[in-house]
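Source file: input_24.pdb (PDB, C-alpha atoms and all ligand atoms)
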ATOM      1  CA  MET A   1     134.206  62.904 103.658  1.00  0.00           C
ATOM      2  CA  THR A   2     131.252  65.206 102.908  1.00  0.00           C
ATOM      3  CA  SER A   3     129.887  65.236  99.401  1.00  0.00           C
ATOM      4  CA  PRO A   4     128.878  68.512  97.653  1.00  0.00           C
ATOM      5  CA  GLU A   5     125.267  67.312  97.989  1.00  0.00           C
ATOM      6  CA  SER A   6     125.440  66.956 101.734  1.00  0.00           C
ATOM      7  CA  ASN A   7     127.004  70.425 101.965  1.00  0.00           C
ATOM      8  CA  GLN A   8     124.016  71.784 100.033  1.00  0.00           C
ATOM      9  CA  ILE A   9     121.635  70.159 102.494  1.00  0.00           C
ATOM     10  CA  LYS A  10     123.616  71.541 105.405  1.00  0.00           C
ATOM     11  CA  LYS A  11     123.458  75.078 103.999  1.00  0.00           C
ATOM     12  CA  LYS A  12     119.711  74.832 103.702  1.00  0.00           C
ATOM     13  CA  LYS A  13     119.113  74.140 107.369  1.00  0.00           C
ATOM     14  CA  ALA A  14     116.059  76.051 108.567  1.00  0.00           C
ATOM     15  CA  ASP A  15     116.221  79.231 110.626  1.00  0.00           C
ATOM     16  CA  LEU A  16     112.518  79.329 111.428  1.00  0.00           C
ATOM     17  CA  LYS A  17     109.694  76.856 111.527  1.00  0.00           C
ATOM     18  CA  VAL A  18     106.070  77.299 110.456  1.00  0.00           C
ATOM     19  CA  VAL A  19     103.394  74.601 110.850  1.00  0.00           C
ATOM     20  CA  ILE A  20     100.003  74.346 109.184  1.00  0.00           C
ATOM     21  CA  VAL A  21      97.308  72.566 111.189  1.00  0.00           C
ATOM     22  CA  GLY A  22      93.582  71.981 110.881  1.00  0.00           C
ATOM     23  CA  ASP A  23      91.087  69.203 110.234  1.00  0.00           C
ATOM     24  CA  ALA A  24      91.409  66.880 107.246  1.00  0.00           C
ATOM     25  CA  ASP A  25      90.132  68.402 103.989  1.00  0.00           C
ATOM     26  CA  VAL A  26      89.982  72.013 105.158  1.00  0.00           C
ATOM     27  CA  GLY A  27      92.512  72.834 102.428  1.00  0.00           C
ATOM     28  CA  LYS A  28      95.913  72.993 104.148  1.00  0.00           C
ATOM     29  CA  THR A  29      97.864  71.321 101.335  1.00  0.00           C
ATOM     30  CA  CYS A  30      96.152  73.443  98.654  1.00  0.00           C
ATOM     31  CA  LEU A  31      96.879  76.616 100.601  1.00  0.00           C
ATOM     32  CA  LEU A  32     100.582  75.877 100.759  1.00  0.00           C
ATOM     33  CA  HIS A  33     100.709  74.642  97.168  1.00  0.00           C
ATOM     34  CA  ARG A  34      98.999  77.827  95.951  1.00  0.00           C
ATOM     35  CA  TYR A  35     101.530  79.923  97.816  1.00  0.00           C
ATOM     36  CA  LEU A  36     104.629  77.986  96.760  1.00  0.00           C
ATOM     37  CA  HIS A  37     103.640  77.202  93.165  1.00  0.00           C
ATOM     38  CA  GLY A  38     101.033  79.873  92.349  1.00  0.00           C
ATOM     39  CA  GLU A  39      98.396  77.411  91.214  1.00  0.00           C
ATOM     40  CA  PHE A  40      95.371  75.513  92.483  1.00  0.00           C
ATOM     41  CA  TYR A  41      96.186  71.905  93.096  1.00  0.00           C
ATOM     42  CA  ASP A  42      92.947  70.004  92.564  1.00  0.00           C
ATOM     43  CA  GLN A  43      94.280  66.492  93.040  1.00  0.00           C
ATOM     44  CA  THR A  44      95.995  66.800  96.372  1.00  0.00           C
ATOM     45  CA  PRO A  45      97.090  63.436  97.728  1.00  0.00           C
ATOM     46  CA  ASN A  46      96.169  62.839 101.376  1.00  0.00           C
ATOM     47  CA  THR A  47      98.981  64.173 103.496  1.00  0.00           C
ATOM     48  CA  ILE A  48     100.487  61.272 105.391  1.00  0.00           C
ATOM     49  CA  GLY A  49     101.946  62.424 108.693  1.00  0.00           C
ATOM     50  CA  ALA A  50     103.475  65.660 107.457  1.00  0.00           C
ATOM     51  CA  ALA A  51     105.193  67.139 104.414  1.00  0.00           C
ATOM     52  CA  PHE A  52     108.135  69.519 104.632  1.00  0.00           C
ATOM     53  CA  PHE A  53     108.978  72.503 102.421  1.00  0.00           C
ATOM     54  CA  LEU A  54     111.740  75.053 102.611  1.00  0.00           C
ATOM     55  CA  LYS A  55     111.060  78.660 101.641  1.00  0.00           C
ATOM     56  CA  GLN A  56     113.786  81.241 101.205  1.00  0.00           C
ATOM     57  CA  TRP A  57     112.698  84.606 102.641  1.00  0.00           C
ATOM     58  CA  GLY A  58     115.484  87.180 102.376  1.00  0.00           C
ATOM     59  CA  SER A  59     118.425  85.584 104.121  1.00  0.00           C
ATOM     60  CA  TYR A  60     116.185  83.200 106.048  1.00  0.00           C
ATOM     61  CA  ASN A  61     115.399  79.591 105.308  1.00  0.00           C
ATOM     62  CA  ILE A  62     111.916  78.942 106.601  1.00  0.00           C
ATOM     63  CA  ALA A  63     110.743  75.377 107.103  1.00  0.00           C
ATOM     64  CA  ILE A  64     107.026  74.897 106.482  1.00  0.00           C
ATOM     65  CA  TRP A  65     105.386  71.707 107.742  1.00  0.00           C
ATOM     66  CA  ASP A  66     102.062  70.715 106.221  1.00  0.00           C
ATOM     67  CA  THR A  67     100.531  68.297 108.735  1.00  0.00           C
ATOM     68  CA  ALA A  68      97.836  65.651 108.361  1.00  0.00           C
ATOM     69  CA  GLY A  69      94.500  66.483 109.971  1.00  0.00           C
ATOM     70  CA  GLU A  70      93.329  62.920 110.549  1.00  0.00           C
ATOM     71  CA  GLU A  71      92.832  61.856 114.129  1.00  0.00           C
ATOM     72  CA  ARG A  72      95.185  58.890 113.736  1.00  0.00           C
ATOM     73  CA  PHE A  73      98.075  61.223 112.932  1.00  0.00           C
ATOM     74  CA  SER A  74      97.500  63.650 115.798  1.00  0.00           C
ATOM     75  CA  GLY A  75     100.502  62.296 117.709  1.00  0.00           C
ATOM     76  CA  LEU A  76     102.646  63.038 114.699  1.00  0.00           C
ATOM     77  CA  SER A  77     101.215  66.530 114.291  1.00  0.00           C
ATOM     78  CA  SER A  78     102.113  67.369 117.869  1.00  0.00           C
ATOM     79  CA  PHE A  79     105.670  66.222 117.117  1.00  0.00           C
ATOM     80  CA  TYR A  80     105.796  68.604 114.138  1.00  0.00           C
ATOM     81  CA  CYS A  81     104.410  71.522 116.170  1.00  0.00           C
ATOM     82  CA  ARG A  82     107.276  71.336 118.642  1.00  0.00           C
ATOM     83  CA  GLY A  83     109.296  74.544 118.650  1.00  0.00           C
ATOM     84  CA  ALA A  84     107.249  76.127 115.826  1.00  0.00           C
ATOM     85  CA  ASN A  85     107.782  79.882 115.520  1.00  0.00           C
ATOM     86  CA  ALA A  86     104.474  80.337 113.700  1.00  0.00           C
ATOM     87  CA  ALA A  87     101.339  78.286 113.135  1.00  0.00           C
ATOM     88  CA  VAL A  88      98.658  78.623 110.476  1.00  0.00           C
ATOM     89  CA  VAL A  89      95.460  77.231 111.980  1.00  0.00           C
ATOM     90  CA  CYS A  90      92.919  76.411 109.259  1.00  0.00           C
ATOM     91  CA  TYR A  91      89.181  75.810 109.272  1.00  0.00           C
ATOM     92  CA  ASP A  92      86.597  75.648 106.493  1.00  0.00           C
ATOM     93  CA  ILE A  93      84.361  78.750 106.602  1.00  0.00           C
ATOM     94  CA  ARG A  94      81.406  76.495 105.700  1.00  0.00           C
ATOM     95  CA  SER A  95      81.949  74.147 108.639  1.00  0.00           C
ATOM     96  CA  ARG A  96      81.380  75.091 112.270  1.00  0.00           C
ATOM     97  CA  ASN A  97      82.834  71.701 113.268  1.00  0.00           C
ATOM     98  CA  THR A  98      86.221  72.448 111.721  1.00  0.00           C
ATOM     99  CA  PHE A  99      86.210  75.807 113.528  1.00  0.00           C
ATOM    100  CA  GLN A 100      85.345  74.117 116.817  1.00  0.00           C
ATOM    101  CA  SER A 101      88.316  71.762 116.288  1.00  0.00           C
ATOM    102  CA  ILE A 102      90.648  74.733 116.747  1.00  0.00           C
ATOM    103  CA  GLU A 103      89.746  74.732 120.420  1.00  0.00           C
ATOM    104  CA  ASP A 104      89.113  71.000 120.789  1.00  0.00           C
ATOM    105  CA  ARG A 105      92.287  69.727 119.101  1.00  0.00           C
ATOM    106  CA  TYR A 106      94.771  72.288 117.837  1.00  0.00           C
ATOM    107  CA  THR A 107      95.295  74.542 120.844  1.00  0.00           C
ATOM    108  CA  ALA A 108      96.556  71.480 122.742  1.00  0.00           C
ATOM    109  CA  LEU A 109      98.951  70.646 119.894  1.00  0.00           C
ATOM    110  CA  LEU A 110     100.287  74.177 119.911  1.00  0.00           C
ATOM    111  CA  GLU A 111     101.260  73.923 123.569  1.00  0.00           C
ATOM    112  CA  THR A 112     104.549  72.508 122.274  1.00  0.00           C
ATOM    113  CA  ALA A 113     105.220  75.470 119.953  1.00  0.00           C
ATOM    114  CA  ALA A 114     107.888  78.058 120.775  1.00  0.00           C
ATOM    115  CA  GLU A 115     107.201  80.804 123.270  1.00  0.00           C
ATOM    116  CA  ASN A 116     105.622  83.798 121.449  1.00  0.00           C
ATOM    117  CA  CYS A 117     104.599  81.512 118.560  1.00  0.00           C
ATOM    118  CA  SER A 118     102.858  83.699 115.956  1.00  0.00           C
ATOM    119  CA  ILE A 119      99.424  82.256 115.432  1.00  0.00           C
ATOM    120  CA  VAL A 120      97.515  83.080 112.270  1.00  0.00           C
ATOM    121  CA  ILE A 121      94.028  81.790 111.508  1.00  0.00           C
ATOM    122  CA  SER A 122      92.889  80.992 107.984  1.00  0.00           C
ATOM    123  CA  GLY A 123      89.220  80.519 107.119  1.00  0.00           C
ATOM    124  CA  THR A 124      89.504  78.500 103.896  1.00  0.00           C
ATOM    125  CA  LYS A 125      87.658  77.935 100.588  1.00  0.00           C
ATOM    126  CA  LYS A 126      86.284  81.461 100.432  1.00  0.00           C
ATOM    127  CA  ASP A 127      85.361  80.982  96.764  1.00  0.00           C
ATOM    128  CA  LEU A 128      82.797  78.339  97.775  1.00  0.00           C
ATOM    129  CA  VAL A 129      81.169  80.470 100.459  1.00  0.00           C
ATOM    130  CA  THR A 130      77.679  81.896 100.009  1.00  0.00           C
ATOM    131  CA  ASP A 131      75.363  83.661 102.444  1.00  0.00           C
ATOM    132  CA  SER A 132      73.466  80.432 102.923  1.00  0.00           C
ATOM    133  CA  ASN A 133      76.361  78.023 103.509  1.00  0.00           C
ATOM    134  CA  ARG A 134      78.636  80.221 105.626  1.00  0.00           C
ATOM    135  CA  GLU A 135      78.798  78.755 109.136  1.00  0.00           C
ATOM    136  CA  VAL A 136      81.501  80.954 110.665  1.00  0.00           C
ATOM    137  CA  THR A 137      81.410  84.734 110.353  1.00  0.00           C
ATOM    138  CA  ALA A 138      84.598  86.709 109.726  1.00  0.00           C
ATOM    139  CA  GLU A 139      84.023  88.489 113.052  1.00  0.00           C
ATOM    140  CA  ILE A 140      84.042  85.212 114.975  1.00  0.00           C
ATOM    141  CA  GLY A 141      87.143  84.026 113.100  1.00  0.00           C
ATOM    142  CA  ALA A 142      88.988  87.272 113.846  1.00  0.00           C
ATOM    143  CA  ALA A 143      87.936  87.168 117.508  1.00  0.00           C
ATOM    144  CA  LYS A 144      89.406  83.656 117.806  1.00  0.00           C
ATOM    145  CA  ALA A 145      92.660  84.815 116.206  1.00  0.00           C
ATOM    146  CA  LYS A 146      92.895  87.657 118.696  1.00  0.00           C
ATOM    147  CA  GLU A 147      92.125  85.348 121.617  1.00  0.00           C
ATOM    148  CA  LEU A 148      94.789  82.796 120.618  1.00  0.00           C
ATOM    149  CA  CYS A 149      97.386  85.504 120.060  1.00  0.00           C
ATOM    150  CA  GLU A 150      96.768  86.813 123.545  1.00  0.00           C
ATOM    151  CA  ARG A 151      96.913  83.314 125.031  1.00  0.00           C
ATOM    152  CA  TRP A 152     100.216  82.534 123.286  1.00  0.00           C
ATOM    153  CA  ASN A 153     101.604  86.016 123.710  1.00  0.00           C
ATOM    154  CA  SER A 154     102.183  85.872 119.958  1.00  0.00           C
ATOM    155  CA  LYS A 155     104.567  88.027 118.092  1.00  0.00           C
ATOM    156  CA  LEU A 156     102.402  90.304 115.940  1.00  0.00           C
ATOM    157  CA  HIS A 157     102.962  92.109 112.647  1.00  0.00           C
ATOM    158  CA  GLU A 158     104.283  95.630 113.130  1.00  0.00           C
ATOM    159  CA  SER A 159     101.254  97.021 111.283  1.00  0.00           C
ATOM    160  CA  GLY A 160      99.075  95.657 114.089  1.00  0.00           C
ATOM    161  CA  ARG A 161      96.933  93.834 111.516  1.00  0.00           C
ATOM    162  CA  CYS A 162      94.775  91.072 112.951  1.00  0.00           C
ATOM    163  CA  PRO A 163      96.329  87.675 112.117  1.00  0.00           C
ATOM    164  CA  PHE A 164      93.169  86.433 110.452  1.00  0.00           C
ATOM    165  CA  PHE A 165      92.643  85.783 106.725  1.00  0.00           C
ATOM    166  CA  GLU A 166      89.780  84.330 104.769  1.00  0.00           C
ATOM    167  CA  THR A 167      91.538  82.598 101.895  1.00  0.00           C
ATOM    168  CA  SER A 168      90.835  80.829  98.621  1.00  0.00           C
ATOM    169  CA  SER A 169      93.408  78.532  97.089  1.00  0.00           C
ATOM    170  CA  LEU A 170      91.295  78.431  93.928  1.00  0.00           C
ATOM    171  CA  THR A 171      91.374  82.180  93.259  1.00  0.00           C
ATOM    172  CA  GLY A 172      94.487  82.890  95.348  1.00  0.00           C
ATOM    173  CA  GLU A 173      92.633  85.444  97.477  1.00  0.00           C
ATOM    174  CA  ASN A 174      94.669  86.387 100.553  1.00  0.00           C
ATOM    175  CA  VAL A 175      97.075  83.436 100.221  1.00  0.00           C
ATOM    176  CA  LYS A 176     100.189  85.488  99.513  1.00  0.00           C
ATOM    177  CA  ALA A 177      99.082  88.070 102.083  1.00  0.00           C
ATOM    178  CA  LEU A 178      98.804  85.384 104.767  1.00  0.00           C
ATOM    179  CA  PHE A 179     102.263  83.855 104.253  1.00  0.00           C
ATOM    180  CA  GLU A 180     103.979  87.204 103.798  1.00  0.00           C
ATOM    181  CA  HIS A 181     102.306  88.434 106.969  1.00  0.00           C
ATOM    182  CA  ILE A 182     103.872  85.499 108.820  1.00  0.00           C
ATOM    183  CA  PHE A 183     107.328  85.807 107.285  1.00  0.00           C
ATOM    184  CA  GLU A 184     107.453  89.565 107.866  1.00  0.00           C
ATOM    185  CA  THR A 185     106.290  89.086 111.444  1.00  0.00           C
ATOM    186  CA  LEU A 186     108.879  86.433 112.166  1.00  0.00           C
ATOM    187  CA  THR A 187     111.803  88.294 110.644  1.00  0.00           C
ATOM    188  CA  GLN A 188     111.030  91.857 111.760  1.00  0.00           C
ATOM    189  CA  GLY A 189     113.506  93.232 114.248  1.00  0.00           C
ATOM    190  CA  CYS A 190     115.790  90.193 113.928  1.00  0.00           C
ATOM    191  CA  ASP A 191     119.462  90.538 113.303  1.00  0.00           C
ATOM    192  CA  LYS A 192     119.904  88.999 109.868  1.00  0.00           C
ATOM    193  CA  THR A 193     123.665  89.068 110.024  1.00  0.00           C
ATOM    194  CA  GLY A 194     123.384  86.776 113.025  1.00  0.00           C
ATOM    195  CA  ALA A 195     121.351  84.360 110.940  1.00  0.00           C
ATOM    196  CA  ASP A 196     123.959  84.400 108.184  1.00  0.00           C
ATOM    197  CA  LYS A 197     126.891  83.558 110.390  1.00  0.00           C
ATOM    198  CA  SER A 198     126.054  79.933 110.806  1.00  0.00           C
ATOM    199  CA  ASP A 199     124.072  77.489 108.753  1.00  0.00           C
ATOM    200  CA  THR A 200     122.905  75.762 111.930  1.00  0.00           C
ATOM    201  CA  VAL A 201     120.661  78.135 113.819  1.00  0.00           C
ATOM    202  CA  ASP A 202     119.462  77.374 117.314  1.00  0.00           C
ATOM    203  CA  LEU A 203     115.707  77.910 117.277  1.00  0.00           C
ATOM    204  CA  GLU A 204     115.766  78.471 121.034  1.00  0.00           C
ATOM    205  CA  GLU A 205     117.995  81.471 120.463  1.00  0.00           C
ATOM    206  CA  LYS A 206     115.997  82.785 117.517  1.00  0.00           C
ATOM    207  CA  LYS A 207     112.859  83.218 119.566  1.00  0.00           C
ATOM    208  CA  ASN A 208     114.604  85.859 121.671  1.00  0.00           C
ATOM    209  CA  CYS A 209     114.252  88.322 118.831  1.00  0.00           C
ATOM    210  CA  SER A 210     110.488  87.735 118.825  1.00  0.00           C
ATOM    211  CA  SER A 211     109.611  90.159 121.566  1.00  0.00           C
ATOM    212  CA  LYS A 212     111.644  93.076 120.174  1.00  0.00           C
ATOM    213  CA  SER A 213     109.104  94.778 117.990  1.00  0.00           C
ATOM    214  CA  ARG A 214     105.847  93.409 119.236  1.00  0.00           C
ATOM    215  CA  SER A 215     102.825  95.552 118.471  1.00  0.00           C
ATOM    216  CA  LYS A 216      99.278  95.342 119.641  1.00  0.00           C
ATOM    217  CA  CYS A 217      96.665  93.486 117.640  1.00  0.00           C
ATOM    218  CA  SER A 218      94.139  96.014 116.429  1.00  0.00           C
ATOM    219  CA  CYS A 219      91.303  93.626 115.610  1.00  0.00           C
TER     220      CYS A 219
HETATM  221  P1  LIG A 301      93.907  69.125 103.597  1.00  0.00           P
HETATM  222  O1  LIG A 301      93.495  67.736 103.974  1.00  0.00           O
HETATM  223  O2  LIG A 301      93.532  70.100 104.684  1.00  0.00           O
HETATM  224  O3  LIG A 301      95.336  69.221 103.199  1.00  0.00           O
HETATM  225  O4  LIG A 301      93.002  69.530 102.331  1.00  0.00           O
HETATM  226  P2  LIG A 301      93.415  69.616 100.790  1.00  0.00           P
HETATM  227  O5  LIG A 301      94.308  70.780 100.553  1.00  0.00           O
HETATM  228  O6  LIG A 301      93.909  68.289 100.356  1.00  0.00           O
HETATM  229  O7  LIG A 301      91.995  69.948 100.125  1.00  0.00           O
HETATM  230  C1  LIG A 301      90.876  69.135 100.327  1.00  0.00           C
HETATM  231  C2  LIG A 301      89.887  69.336  99.188  1.00  0.00           C
HETATM  232  O8  LIG A 301      89.383  70.661  99.184  1.00  0.00           O
HETATM  233  C3  LIG A 301      90.489  69.099  97.793  1.00  0.00           C
HETATM  234  O9  LIG A 301      89.531  68.449  96.990  1.00  0.00           O
HETATM  235  C4  LIG A 301      90.745  70.501  97.280  1.00  0.00           C
HETATM  236  O10 LIG A 301      90.699  70.553  95.879  1.00  0.00           O
HETATM  237  C5  LIG A 301      89.628  71.293  97.937  1.00  0.00           C
HETATM  238  N1  LIG A 301      90.036  72.680  98.212  1.00  0.00           N
HETATM  239  C6  LIG A 301      91.049  73.077  99.018  1.00  0.00           C
HETATM  240  N2  LIG A 301      91.121  74.406  99.079  1.00  0.00           N
HETATM  241  C7  LIG A 301      90.154  74.887  98.276  1.00  0.00           C
HETATM  242  C8  LIG A 301      89.731  76.216  97.902  1.00  0.00           C
HETATM  243  O11 LIG A 301      90.258  77.245  98.345  1.00  0.00           O
HETATM  244  N3  LIG A 301      88.666  76.308  97.036  1.00  0.00           N
HETATM  245  C9  LIG A 301      88.050  75.206  96.534  1.00  0.00           C
HETATM  246  N4  LIG A 301      87.035  75.398  95.692  1.00  0.00           N
HETATM  247  N5  LIG A 301      88.407  73.947  96.870  1.00  0.00           N
HETATM  248  C10 LIG A 301      89.448  73.780  97.727  1.00  0.00           C
HETATM  249 MG    MG A 302      96.849  67.741 103.260  1.00  0.00          MG
END
Please render this file's structure as structure tokens.
Ligand code: GDP
Ligand code: MG
Amino acid sequence: MTSPESNQIKKKKADLKVVIVGDADVGKTCLLHRYLHGEFYDQTPNTIGAAFFLKQWGSYNIAIWDTAGEERFSGLSSFYCRGANAAVVCYDIRSRNTFQSIEDRYTALLETAAENCSIVISGTKKDLVTDSNREVTAEIGAAKAKELCERWNSKLHESGRCPFFETSSLTGENVKALFEHIFETLTQGCDKTGADKSDTVDLEEKKNCSSKSRSKCSC
């Protein structure tokens, strides 16, 4: 017999999957916390393996996986990237090394993401950036976002906006814009009634709607 609780869980099964990756301490957990709870979370515990959140966006349930950046968890992170419809790839604007990790570590992890995975890059901790400590320019960050989108044949926002955001979880700058950009991209052109019919949605099928309204990245 199924309890009311288990029915609740069943109803909340995710339609789409978003993963957040990037080196340890670049601010992944704070970014998600700022978006979900509207506040800066100063005392973030180290993410062990991955943490899962469910966000309701219109009629969609979107699963968001906050992964651990530590080397020893990289096997786990690749598990969580499997079948992802979108990925937020984070680096610290003040650290060239964390930017270099995008190529050295995270592109390999994203090989297991869904076809047309929407890749968005976030340069983090903007509030701490000065002319003297900035190590990655916005132009270089945006160029990387464009390059990855082309490599993954990413689904892009209908506005054609470059999927690149410099964010601050302290001030909130660009945090909402980043997540809404992803959710709008993922759900544009999809048949929502199809998503409502069943509480168990096949992610393999969902990705077919990805190519419908693809637009060109204008960055
Ligand atoms: P994660 O390992 O990538 O999940 O990083 P966390 O989200 O745990 O953040 C690591 C550290 O950076 C914490 O001490 C945060 O308080 C700090 N931090 C994260 N994002 C920001 C930000 O946007 N601005 C500032 N000033 N500090 C941040
Ligand atoms: Mg974390």
Give me, as a tab-separated table, each residue of chain A that comes within 12 Å of ligand MG 302 (chain A), together with its shortest interatomic pair and the distance in Å at one decimal, counting all atoms listed in the file, with rows ordered by chain and rising residue number.
residue	atom	partner	partner_atom	distance
A:Ile20	CA	A:MG302	MG	9.4
A:Val21	CA	A:MG302	MG	9.3
A:Gly22	CA	A:MG302	MG	9.3
A:Asp23	CA	A:MG302	MG	9.2
A:Ala24	CA	A:MG302	MG	6.8
A:Asp25	CA	A:MG302	MG	6.8
A:Val26	CA	A:MG302	MG	8.3
A:Gly27	CA	A:MG302	MG	6.7
A:Lys28	CA	A:MG302	MG	5.4
A:Thr29	CA	A:MG302	MG	4.2
A:Cys30	CA	A:MG302	MG	7.4
A:Leu31	CA	A:MG302	MG	9.3
A:Leu32	CA	A:MG302	MG	9.3
A:His33	CA	A:MG302	MG	10.0
A:Tyr41	CA	A:MG302	MG	11.0
A:Asp42	CA	A:MG302	MG	11.6
A:Gln43	CA	A:MG302	MG	10.6
A:Thr44	CA	A:MG302	MG	7.0
A:Pro45	CA	A:MG302	MG	7.0
A:Asn46	CA	A:MG302	MG	5.3
A:Thr47	CA	A:MG302	MG	4.2
A:Ile48	CA	A:MG302	MG	7.7
A:Gly49	CA	A:MG302	MG	9.2
A:Ala50	CA	A:MG302	MG	8.1
A:Ala51	CA	A:MG302	MG	8.4
A:Phe52	CA	A:MG302	MG	11.5
A:Trp65	CA	A:MG302	MG	10.4
A:Asp66	CA	A:MG302	MG	6.7
A:Thr67	CA	A:MG302	MG	6.6
A:Ala68	CA	A:MG302	MG	5.6
A:Gly69	CA	A:MG302	MG	7.2
A:Glu70	CA	A:MG302	MG	9.4
A:Phe73	CA	A:MG302	MG	11.7
A:Ser77	CA	A:MG302	MG	11.9
A:Cys90	CA	A:MG302	MG	11.3
Which of these residues is nearest to ligand LIG 301 (chain A), using all atoms listed in the file: A:Ala143, A:Leu16, A:Cys117, A:Val89?
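Counting all atoms listed in the file, the residue closest to ligand LIG 301 (chain A) is A:Val89.
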Answer key for the PyMOL selection byres (((chain A and resi 160-173) around 10) and not hetatm), residues as a PyMOL selection string
chain A and resi 27-35+38-42+88-93+118-129+138-139+141-146+148-149+154+156-159+174-178+181-182+214-219
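Atom CA of Ala84 of chain A sits 24.9 Å away from atom N1 of ligand LIG 301 (chain A).
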Could you pull the residues within 6 Å of Asn61 of chain A, counting only C-alpha atoms, minus those fewer than 6 positions along the same chain, as a list in words?
Ala14, Asp15 and Lys55 of chain A
Which of A:Asp104, A:Ala86, A:Asp131, A:Gly189 sits closest to Asn153 of chain A [using all atoms listed in the file]:
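Once distances to Asn153 of chain A are computed over all atoms listed in the file, the minimum belongs to A:Ala86.
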Give me the residues within 12 Å of Gln56 of chain A as a PyMOL selection string, counting all atoms listed in the file and dropping any in the same chain fewer than 4 places off.
chain A and resi 11-17+36+60-64+180+183+187
For ligand LIG 301 (chain A), what centre and edge lengths in Å (one decimal) does the axis-aligned box get once 5 Å is added on each side of all its listed atoms, as AutoDock Vina command-line options?
--center_x 91.2 --center_y 72.5 --center_z 100.2 --size_x 18.3 --size_y 19.5 --size_z 19.0
Find the distance between atom CA of Arg82 of chain A and atom CA of Ala113 of chain A and write it in Å to one decimal.
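Atom CA of Arg82 of chain A sits 4.8 Å away from atom CA of Ala113 of chain A.
Pairwise distance (atom CA of Thr185 of chain A, atom CA of Tyr106 of chain A) equals 21.3 Å.
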Written as JSON, numbers by chain, what is the full residue list that the PyMOL selection byres (((chain A and resi 135) around 6) and not hetatm) yields on the file shown?
{"A": [94, 95, 96, 134, 136]}
Using all atoms listed in the file, which of A:Thr98, A:Asn133, A:Gln188, A:Thr107 sits nearest ligand LIG 301 (chain A)?
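Residue with the minimum atom-to-atom distance to ligand LIG 301 (chain A): A:Thr98.
Minimum distance to Thr112 of chain A across A:Phe53, A:Phe179, A:Tyr80, A:Phe99 (counting all atoms listed in the file) occurs at A:Tyr80.
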